[in-house]
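J.: Below is one structure. I have some questions about it.
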Amino acid sequence: GLGDVYKRQTQGSLSYTYQRAGVELSGVHWPAYVYGRTGLARASDGLFFHSGMSAIGALLHSIQSLGWQQIEISKGAYYEVNMLCDQFFPGLRMRFTQDDRDGDPDVAWLDAWANERPDASLGGFRPKLLVGDTSAVEPDGALLDEWFATSASLGVPLVLVRSHLKLDTFGLEMGKLGSLVVVAPDGDARTIEPLMSELRDALCYLGLGFEVANLYPWLGQAEFLELTAARTAAIRRRTDVLVAALEAARRDDDPFEIIRTHHRLFVRIATPVTSPDGADARGLELLRSLSAACAHEGIPAVIGSSFGLDQFTFRHYIDEHDDRLHLRIAGADVPEGHAEALGRCVRDVMVDVLAGVPERAVALTTGR
């Protein structure tokens, strides 16, 4: 219950007024509490949300309410961010990072989920707000150092958004918890108060508050940072084995492409199938065929979206950047010896299901 959460809380204090208005956590330095940045002296604030996507929704609402319109987001970013923006925030325009800009965008959105490491230099432009999605990196990962430095050098606020119940629970993805940590570009907290006011209103009136039982007690502890770094490294080692097996099985003329991601938490496979070719239906066919083939070969696999745990997981999606069918495969804790068999199985199923795809769609690019 709530009393038990209070007793477990090792830093700061929780105050409760009304569930929809959220449970306030005070007395913590947010960059240190969530990300282990104990030496950061800049003013900051933060909020916990029901999930990572509810935190992103509140942030998009606040950006729109503050009169900002143009958002430039990393190529290959988490596709549901674009979908959320397009469907529910018509006042915002989200575009992918590009070399030829017509003026500076209002918001730069760096996403660690992207295939390539986000460019913290921003190509030289200066937005009004810098956003970093940290869900695909360990809390004290080096990528965040670049984002803090960019925020300070440009003199713009930094918002760190995180879906916690991924790497913070070592890939188990149990429960839900999201957060926004807002850091001022200097020591003046007044520079971030308009944004914090909008975020608090969104949390309250849209009912986006977190469940207190999901606020786990190891946040802010050095031992947790060490454990999650070790766990993340282990996931990456297994992903490297999986990528190597998939690449070994693929032939040069196969109609699909293996995409290595900079975060190395899973692997993506790009296909030539586009929306006009029936990408979603073909994706479902791929999932069913892969599941059946793996079951026949005794390979532990399931259709799902987690990091894999003791089974490989498959999911499909239509990439917002190139409008092509992509497949995501993860397998954090699959026993040794299955990766090679999976590589051959994936290759055979992909070639079979993608047979007959129009030649015009076969050209693929990885520099997304």
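Please note that chains go A, B, ... in the order of the structure tokens, that every chain numbers its residues from 1, and that ligands are numbered from 1 in the order shown.
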Skip Ser163 in chain A itself and residues of its chain fewer than 3 positions away, then list as an NGL selection string all residues within 10 Å of it, counting only C-alpha atoms.
T.: :A and (49-56 or 133-136 or 166-168 or 173 or 176-180)
J.: Taking only C-alpha atoms into account, name the residue in A:His326, A:Ala339, A:Leu59, A:Tyr79 that is nearest to Ala248 in chain A.
T.: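 Of the candidates, the smallest distance to Ala248 in chain A is held by A:Ala339.
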J.: Please tabulate, as a tab-separated table, the residues of range 157-234 of chain A that come within 10 Å of range 22-37 of chain A, each with its closest pair of atoms and the distance in Å to one decimal, counting only C-alpha atoms and ordering rows by chain, then residue number upward.
T.:
residue	atom	partner	partner_atom	distance
A:Leu160	CA	A:Pro31	CA	9.1
A:Arg162	CA	A:Val34	CA	9.3
A:His164	CA	A:Val34	CA	9.5
A:Asp168	CA	A:Val34	CA	9.8
A:Ser179	CA	A:Val34	CA	8.7
A:Leu180	CA	A:Trp30	CA	9.3
A:Val181	CA	A:Trp30	CA	6.4
A:Val182	CA	A:Trp30	CA	8.3
A:Val183	CA	A:Pro31	CA	7.9
A:Arg200	CA	A:Gly22	CA	8.8
A:Leu203	CA	A:Gly22	CA	7.2
A:Cys204	CA	A:Gly22	CA	6.6
A:Gly207	CA	A:Gly22	CA	8.2
A:Leu208	CA	A:Gly22	CA	7.8
A:Gly209	CA	A:Gly22	CA	4.7
A:Phe210	CA	A:Gly22	CA	6.8
A:Glu211	CA	A:Val23	CA	8.7
A:Val212	CA	A:Val23	CA	7.4
A:Trp218	CA	A:Tyr33	CA	9.7
A:Leu219	CA	A:Val34	CA	6.2
A:Gly220	CA	A:Tyr33	CA	4.1
A:Gln221	CA	A:Tyr33	CA	7.8
A:Ala222	CA	A:Gly36	CA	7.3
A:Phe224	CA	A:Gly36	CA	9.7
A:Leu225	CA	A:Gly36	CA	7.3
J.: Using only C-alpha atoms, find the one residue out of A:Arg264, A:Leu242, A:His316, A:Asp253 that sits nearest to Pro335 in chain A.
T.: A:Leu242
J.: Choose the residue, out of A:Ile192, A:Leu60, A:Ile329, A:Val81, that has the smallest atom-to-atom separation from Leu265 in chain A; count only C-alpha atoms.
T.: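 Of A:Ile192, A:Leu60, A:Ile329, A:Val81, the one nearest Leu265 in chain A, counting only C-alpha atoms, is A:Ile329.
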J.: Measuring between only C-alpha atoms, which one of A:Ala301, A:Leu154, A:Asp86, A:His263 shows the shortest distance to Arg117 in chain A?
T.: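 Smallest distance to Arg117 in chain A is found for A:His263.
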J.: Quick one: residues within 10 Å of Asp348 in chain A, only C-alpha atoms, excluding same-chain residues fewer than 5 positions away - as a PyMOL selection string?
T.: chain A and resi 249-250+254+290+293+342-343+353
J.: Output N, CA, C and O atoms for every residue in that selection, as a PDB file, in the first residue's frame.
T.:
ATOM      1  N   ALA A 249      23.632 -15.829 -41.914  1.00  0.00           N
ATOM      2  CA  ALA A 249      22.642 -16.606 -42.667  1.00  0.00           C
ATOM      3  C   ALA A 249      22.161 -15.875 -43.920  1.00  0.00           C
ATOM      4  O   ALA A 249      21.738 -16.517 -44.892  1.00  0.00           O
ATOM      5  N   ARG A 250      22.236 -14.550 -43.925  1.00  0.00           N
ATOM      6  CA  ARG A 250      21.714 -13.781 -45.056  1.00  0.00           C
ATOM      7  C   ARG A 250      22.641 -13.882 -46.265  1.00  0.00           C
ATOM      8  O   ARG A 250      23.858 -13.878 -46.148  1.00  0.00           O
ATOM      9  N   ASP A 254      19.325 -11.563 -50.960  1.00  0.00           N
ATOM     10  CA  ASP A 254      18.085 -11.706 -50.188  1.00  0.00           C
ATOM     11  C   ASP A 254      17.357 -10.366 -50.108  1.00  0.00           C
ATOM     12  O   ASP A 254      17.995  -9.306 -49.991  1.00  0.00           O
ATOM     13  N   LEU A 290       7.124 -17.028 -38.758  1.00  0.00           N
ATOM     14  CA  LEU A 290       8.303 -17.163 -37.919  1.00  0.00           C
ATOM     15  C   LEU A 290       7.995 -17.948 -36.655  1.00  0.00           C
ATOM     16  O   LEU A 290       8.780 -18.812 -36.227  1.00  0.00           O
ATOM     17  N   ALA A 293       7.630 -21.621 -37.624  1.00  0.00           N
ATOM     18  CA  ALA A 293       8.911 -22.222 -38.008  1.00  0.00           C
ATOM     19  C   ALA A 293       9.797 -22.442 -36.792  1.00  0.00           C
ATOM     20  O   ALA A 293      10.470 -23.478 -36.671  1.00  0.00           O
ATOM     21  N   LEU A 342      18.232 -19.751 -35.279  1.00  0.00           N
ATOM     22  CA  LEU A 342      17.266 -18.680 -35.549  1.00  0.00           C
ATOM     23  C   LEU A 342      17.658 -17.925 -36.814  1.00  0.00           C
ATOM     24  O   LEU A 342      16.792 -17.574 -37.626  1.00  0.00           O
ATOM     25  N   GLY A 343      18.942 -17.645 -37.003  1.00  0.00           N
ATOM     26  CA  GLY A 343      19.389 -16.939 -38.196  1.00  0.00           C
ATOM     27  C   GLY A 343      18.956 -17.648 -39.465  1.00  0.00           C
ATOM     28  O   GLY A 343      18.452 -17.018 -40.405  1.00  0.00           O
ATOM     29  N   VAL A 353       8.226 -15.439 -47.485  1.00  0.00           N
ATOM     30  CA  VAL A 353       7.107 -14.506 -47.339  1.00  0.00           C
ATOM     31  C   VAL A 353       7.271 -13.294 -48.250  1.00  0.00           C
ATOM     32  O   VAL A 353       6.281 -12.745 -48.751  1.00  0.00           O
TER      33      VAL A 353
END
J.: Residues of range 115-243 of chain A in alpha helix (DSSP H) according to DSSP, as JSON, numbers by chain?
T.: {"A": [142, 143, 144, 145, 146, 147, 148, 149, 150, 151, 152, 153, 154, 193, 194, 195, 196, 197, 198, 199, 200, 201, 202, 203, 204, 205, 222, 223, 224, 225, 226, 227, 228, 229, 230, 231, 232, 233, 234, 235, 236, 237, 238, 239, 240, 241, 242, 243]}
J.: In Å, with one decimal, what is the gap from CA of Arg231 in chain A to CA of Leu246 in chain A?
T.: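 CA of Leu246 in chain A lies at a distance of 22.9 Å from CA of Arg231 in chain A.
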J.: Taking the backbone alone, and naming residues the way the document does, which bits of range 204-293 of chain A are strand (DSSP E) by DSSP, as an MDAnalysis selection string?
T.: chainID A and resid 257:259 267:274
J.: With a distance cut-off of 12 Å and only C-alpha atoms, select the neighbouring residues of Val302 in chain A, excluding the residue or stretch itself and same-chain residues fewer than 5 positions from it, and output the selection as a list in words.
T.: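 My reading of the contact set: Leu287, Arg288, Ser289, Leu290, Ser291, Ala292, Ala293, Cys294, Ala295, Phe307, Gly308, Leu309, Asp310, Gln311, Phe312, Thr313, Phe314, Arg315, Ile329, Ala330, Gly331 and Val334 of chain A.
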J.: For those residues, write N, CA and C atoms to a file as a PDB file, in the first residue's frame.
T.:
ATOM      1  N   LEU A 287       5.149 -12.669 -38.885  1.00  0.00           N
ATOM      2  CA  LEU A 287       5.141 -13.067 -37.481  1.00  0.00           C
ATOM      3  C   LEU A 287       4.597 -14.474 -37.305  1.00  0.00           C
ATOM      4  N   ARG A 288       3.471 -14.767 -37.946  1.00  0.00           N
ATOM      5  CA  ARG A 288       2.878 -16.108 -37.814  1.00  0.00           C
ATOM      6  C   ARG A 288       3.813 -17.173 -38.375  1.00  0.00           C
ATOM      7  N   SER A 289       4.415 -16.894 -39.513  1.00  0.00           N
ATOM      8  CA  SER A 289       5.302 -17.877 -40.141  1.00  0.00           C
ATOM      9  C   SER A 289       6.560 -18.099 -39.312  1.00  0.00           C
ATOM     10  N   LEU A 290       7.124 -17.028 -38.758  1.00  0.00           N
ATOM     11  CA  LEU A 290       8.303 -17.163 -37.919  1.00  0.00           C
ATOM     12  C   LEU A 290       7.995 -17.948 -36.655  1.00  0.00           C
ATOM     13  N   SER A 291       6.859 -17.653 -36.047  1.00  0.00           N
ATOM     14  CA  SER A 291       6.469 -18.362 -34.836  1.00  0.00           C
ATOM     15  C   SER A 291       6.308 -19.854 -35.099  1.00  0.00           C
ATOM     16  N   ALA A 292       5.654 -20.205 -36.205  1.00  0.00           N
ATOM     17  CA  ALA A 292       5.446 -21.616 -36.539  1.00  0.00           C
ATOM     18  C   ALA A 292       6.766 -22.302 -36.869  1.00  0.00           C
ATOM     19  N   ALA A 293       7.630 -21.621 -37.624  1.00  0.00           N
ATOM     20  CA  ALA A 293       8.911 -22.222 -38.008  1.00  0.00           C
ATOM     21  C   ALA A 293       9.797 -22.442 -36.792  1.00  0.00           C
ATOM     22  N   CYS A 294       9.814 -21.492 -35.871  1.00  0.00           N
ATOM     23  CA  CYS A 294      10.625 -21.649 -34.661  1.00  0.00           C
ATOM     24  C   CYS A 294      10.100 -22.789 -33.793  1.00  0.00           C
ATOM     25  N   ALA A 295       8.784 -22.895 -33.688  1.00  0.00           N
ATOM     26  CA  ALA A 295       8.211 -23.995 -32.904  1.00  0.00           C
ATOM     27  C   ALA A 295       8.597 -25.342 -33.514  1.00  0.00           C
ATOM     28  N   PHE A 307      12.250  -7.309 -24.303  1.00  0.00           N
ATOM     29  CA  PHE A 307      13.645  -7.539 -24.655  1.00  0.00           C
ATOM     30  C   PHE A 307      13.937  -9.019 -24.905  1.00  0.00           C
ATOM     31  N   GLY A 308      12.950  -9.877 -24.751  1.00  0.00           N
ATOM     32  CA  GLY A 308      13.131 -11.268 -25.109  1.00  0.00           C
ATOM     33  C   GLY A 308      13.219 -12.210 -23.939  1.00  0.00           C
ATOM     34  N   LEU A 309      13.944 -11.804 -22.884  1.00  0.00           N
ATOM     35  CA  LEU A 309      14.127 -12.679 -21.732  1.00  0.00           C
ATOM     36  C   LEU A 309      14.610 -14.043 -22.192  1.00  0.00           C
ATOM     37  N   ASP A 310      13.918 -15.139 -21.832  1.00  0.00           N
ATOM     38  CA  ASP A 310      14.427 -16.460 -22.200  1.00  0.00           C
ATOM     39  C   ASP A 310      13.849 -16.969 -23.522  1.00  0.00           C
ATOM     40  N   GLN A 311      13.220 -16.081 -24.289  1.00  0.00           N
ATOM     41  CA  GLN A 311      12.719 -16.420 -25.618  1.00  0.00           C
ATOM     42  C   GLN A 311      13.045 -15.268 -26.573  1.00  0.00           C
ATOM     43  N   PHE A 312      13.265 -15.591 -27.840  1.00  0.00           N
ATOM     44  CA  PHE A 312      13.336 -14.536 -28.836  1.00  0.00           C
ATOM     45  C   PHE A 312      11.948 -13.933 -28.991  1.00  0.00           C
ATOM     46  N   THR A 313      11.885 -12.639 -29.196  1.00  0.00           N
ATOM     47  CA  THR A 313      10.601 -11.993 -29.448  1.00  0.00           C
ATOM     48  C   THR A 313      10.625 -11.301 -30.795  1.00  0.00           C
ATOM     49  N   PHE A 314       9.489 -11.348 -31.488  1.00  0.00           N
ATOM     50  CA  PHE A 314       9.333 -10.707 -32.798  1.00  0.00           C
ATOM     51  C   PHE A 314       8.187  -9.709 -32.734  1.00  0.00           C
ATOM     52  N   ARG A 315       8.362  -8.574 -33.393  1.00  0.00           N
ATOM     53  CA  ARG A 315       7.231  -7.683 -33.637  1.00  0.00           C
ATOM     54  C   ARG A 315       7.488  -6.963 -34.945  1.00  0.00           C
ATOM     55  N   ILE A 329      13.684  -7.943 -33.624  1.00  0.00           N
ATOM     56  CA  ILE A 329      13.961  -9.207 -32.942  1.00  0.00           C
ATOM     57  C   ILE A 329      14.830  -8.921 -31.724  1.00  0.00           C
ATOM     58  N   ALA A 330      14.442  -9.482 -30.577  1.00  0.00           N
ATOM     59  CA  ALA A 330      15.218  -9.345 -29.348  1.00  0.00           C
ATOM     60  C   ALA A 330      15.369 -10.719 -28.710  1.00  0.00           C
ATOM     61  N   GLY A 331      16.365 -10.843 -27.855  1.00  0.00           N
ATOM     62  CA  GLY A 331      16.579 -12.117 -27.168  1.00  0.00           C
ATOM     63  C   GLY A 331      17.615 -11.982 -26.081  1.00  0.00           C
ATOM     64  N   VAL A 334      18.173 -15.675 -24.020  1.00  0.00           N
ATOM     65  CA  VAL A 334      17.986 -16.962 -24.687  1.00  0.00           C
ATOM     66  C   VAL A 334      19.226 -17.821 -24.455  1.00  0.00           C
TER      67      VAL A 334
END
J.: Looking at only C-alpha atoms, which of A:Glu336, A:Arg238, A:Arg347, A:Gly304 is the one that sits closest to Glu257 in chain A?
T.: A:Arg347
